[in-house]
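To be precise, the following lines are target_31.cif, and they hold mmCIF, C-alpha atoms.
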data_run
#
loop_
_atom_site.label_atom_id
_atom_site.label_comp_id
_atom_site.auth_asym_id
_atom_site.auth_seq_id
_atom_site.Cartn_x
_atom_site.Cartn_y
_atom_site.Cartn_z
CA MET A 1 199.47 88.30 131.92
CA ILE A 2 202.39 87.18 134.07
CA GLY A 3 200.76 88.00 137.40
CA ILE A 4 202.15 91.42 138.32
CA ARG A 5 199.70 92.98 140.78
CA THR A 6 198.53 96.57 140.52
CA SER A 7 195.96 96.65 143.31
CA LEU A 8 196.08 97.17 147.05
CA PRO A 9 197.51 96.09 149.42
CA LEU A 10 200.96 97.39 148.63
CA PRO A 11 203.82 94.93 149.13
CA SER A 12 205.65 94.87 152.44
CA LEU A 13 209.27 95.96 152.61
CA MET A 14 210.33 92.34 153.16
CA GLU A 15 208.40 91.21 150.07
CA ILE A 16 210.02 93.93 147.94
CA ILE A 17 213.53 93.12 149.20
CA SER A 18 213.14 89.37 148.73
CA GLN A 19 211.75 89.75 145.21
CA LEU A 20 214.48 92.22 144.23
CA PHE A 21 217.06 89.76 145.57
CA VAL A 22 215.66 87.02 143.30
CA TYR A 23 215.47 89.43 140.34
CA PHE A 24 219.14 90.42 140.77
CA LEU A 25 220.25 86.78 141.06
CA VAL A 26 218.32 85.67 137.97
CA GLU A 27 219.40 88.70 135.95
CA ASP A 28 223.05 88.46 136.97
CA PHE A 29 223.29 84.75 136.13
CA THR A 30 221.52 84.92 132.76
CA ASN A 31 223.14 88.22 131.77
CA TYR A 32 226.60 86.79 132.48
CA TRP A 33 226.10 83.79 130.17
CA ILE A 34 224.42 85.77 127.39
CA HIS A 35 227.14 88.44 127.58
CA ARG A 36 229.77 85.73 127.49
CA PHE A 37 228.13 84.30 124.35
CA LEU A 38 228.27 87.78 122.79
CA HIS A 39 232.06 87.75 123.30
CA CYS A 40 232.52 84.62 121.19
CA LYS A 41 233.78 85.22 117.65
CA TRP A 42 230.40 85.24 115.90
CA GLY A 43 228.54 87.18 118.62
CA TYR A 44 231.23 89.82 118.89
CA GLU A 45 231.67 90.41 115.15
CA LYS A 46 227.96 90.44 114.30
CA ILE A 47 226.39 92.06 117.38
CA HIS A 48 228.50 93.05 120.40
CA LYS A 49 231.20 95.01 118.58
CA VAL A 50 228.91 98.06 118.44
CA HIS A 51 228.77 98.19 122.25
CA HIS A 52 232.58 98.26 122.43
CA GLU A 53 232.96 101.27 120.13
CA TYR A 54 233.32 103.34 123.31
CA THR A 55 236.92 102.78 124.39
CA SER A 56 236.79 104.55 127.75
CA PRO A 57 234.51 103.52 130.63
CA ILE A 58 231.55 105.89 130.50
CA GLY A 59 227.94 105.54 131.64
CA TYR A 60 226.64 106.43 128.17
CA ALA A 61 228.07 103.14 126.90
CA ALA A 62 225.55 101.12 128.92
CA PRO A 63 222.59 101.53 126.52
CA TYR A 64 224.72 101.99 123.37
CA ALA A 65 224.40 98.69 121.55
CA HIS A 66 223.23 96.87 118.44
CA TRP A 67 219.43 96.52 118.32
CA ALA A 68 219.71 92.73 118.59
CA GLU A 69 221.84 93.05 121.73
CA VAL A 70 219.26 95.33 123.33
CA LEU A 71 216.61 92.67 122.70
CA ILE A 72 218.79 89.74 123.75
CA LEU A 73 220.12 91.34 126.93
CA GLY A 74 216.64 92.62 127.79
CA ILE A 75 215.51 89.05 128.42
CA PRO A 76 217.40 88.66 131.75
CA SER A 77 215.85 91.88 133.09
CA PHE A 78 212.31 90.56 132.61
CA LEU A 79 212.99 86.93 133.45
CA GLY A 80 213.02 87.44 137.24
CA PRO A 81 209.68 89.29 137.35
CA ALA A 82 208.22 86.63 135.03
CA MET A 83 209.40 83.86 137.38
CA VAL A 84 208.43 85.60 140.65
CA PRO A 85 205.72 88.14 139.86
CA GLY A 86 205.23 90.88 142.41
CA HIS A 87 203.57 94.27 142.62
CA MET A 88 203.93 96.94 139.94
CA ILE A 89 205.81 99.14 142.45
CA THR A 90 208.40 96.38 142.89
CA PHE A 91 208.68 96.05 139.11
CA TRP A 92 209.23 99.80 138.63
CA LEU A 93 211.82 99.82 141.40
CA TRP A 94 213.55 96.82 139.78
CA ILE A 95 213.75 98.51 136.36
CA ALA A 96 215.13 101.72 137.94
CA LEU A 97 217.74 99.81 139.98
CA ARG A 98 218.71 97.73 136.95
CA GLN A 99 219.33 100.85 134.86
CA ILE A 100 221.37 102.45 137.66
CA GLU A 101 223.42 99.23 137.92
CA ALA A 102 224.06 99.18 134.16
CA ILE A 103 225.23 102.80 134.16
CA GLU A 104 227.41 102.26 137.26
CA THR A 105 228.93 99.12 135.76
CA HIS A 106 229.97 101.01 132.64
CA SER A 107 231.32 104.02 134.56
CA GLY A 108 234.67 102.47 135.35
#
Just give me the structure of the file as structure tokens.
Amino acid sequence: MIGIRTSLPLPSLMEIISQLFVYFLVEDFTNYWIHRFLHCKWGYEKIHKVHHEYTSPIGYAAPYAHWAEVLILGIPSFLGPAMVPGHMITFWLWIALRQIEAIETHSG
């Protein structure tokens, strides 16, 4: 529905790299502002506090969150591919890299 291709030809390496670059920029910008909102008084008390129950930096803390936070912070991950649709292979690679980044970020 958003234009992600699944057919041949496969994307070139340059196409994959340029799309991933855009995806990381869009995700980083929007995730920063949404995460910042979740640290305001209301957002922290009602939603984000669950994520901070882990007191030491550990990779398992990346996906541990309130259900609303999972939905809210999922938006930035899909916004880039919605804005610049690519091939399904690029999308799978993006999701894998995004999860690795989230785990690495929470690993201290």
Next on the checklist: (229.1, 97.5, 122.7) in this file's frame - what residues fall within 9 Å of it? Use all atoms listed in the file and give the answer as a list in words.
Outcome noted: Tyr44, Ile47, His48, Lys49, Val50, His51, His52, Glu53, Tyr54, Ala61, Ala62, Pro63, Tyr64, Ala65, His66 and Glu69 of chain A
Item to check | Length of the atom CA of A:Leu38 to atom CA of A:Val84 vector [Å] | outcome: 26.8 Å
Item to check | Nearest residue to A:Thr6 from the set A:Ile89, A:Ala96, A:Leu20, A:Leu71 (distances using all atoms listed in the file) | outcome: A:Ile89
Item to check | Distance in Å - atom CA of A:Phe91 versus atom CA of A:Phe21 | outcome: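 Distance between the two atoms: 12.3 Å.
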Next on the checklist: Could you tell me, as a list in words, exactly which residues end up selected when the PyMOL selection byres ((chain A and resi 12-16) around 12) is applied to this structure?
Outcome noted: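 That expression, the PyMOL selection byres ((chain A and resi 12-16) around 12), corresponds here to Leu8, Pro9, Leu10, Pro11, Ile17, Ser18, Gln19, Leu20, Phe21, Val22, Tyr23, Pro81, Val84, Pro85, Gly86, His87, Met88, Ile89, Thr90, Phe91, Trp92, Leu93 and Trp94 of chain A.
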Item to check | Picked residues, the PyMOL selection byres ((chain A and resi 74) around 12), as an MDAnalysis selection string | outcome: chainID A and resid 27:28 30:31 34:35 63 65 67:73 75:80 95 98:99 102
Item to check | Point-to-point distance from atom CA of A:Tyr60 to atom CA of A:Trp33, Å rounded to tenths | outcome: 22.7 Å
Checklist entry - Which of these residues is nearest to A:Gly3, using all atoms listed in the file: A:Leu25, A:Leu97, A:Cys40, A:Ala82? => result A:Ala82
Item to check | Nearest-residue call for A:Glu101, choices A:Tyr32, A:Gly43, A:Phe24, A:Ile2, using all atoms listed in the file | outcome: A:Phe24
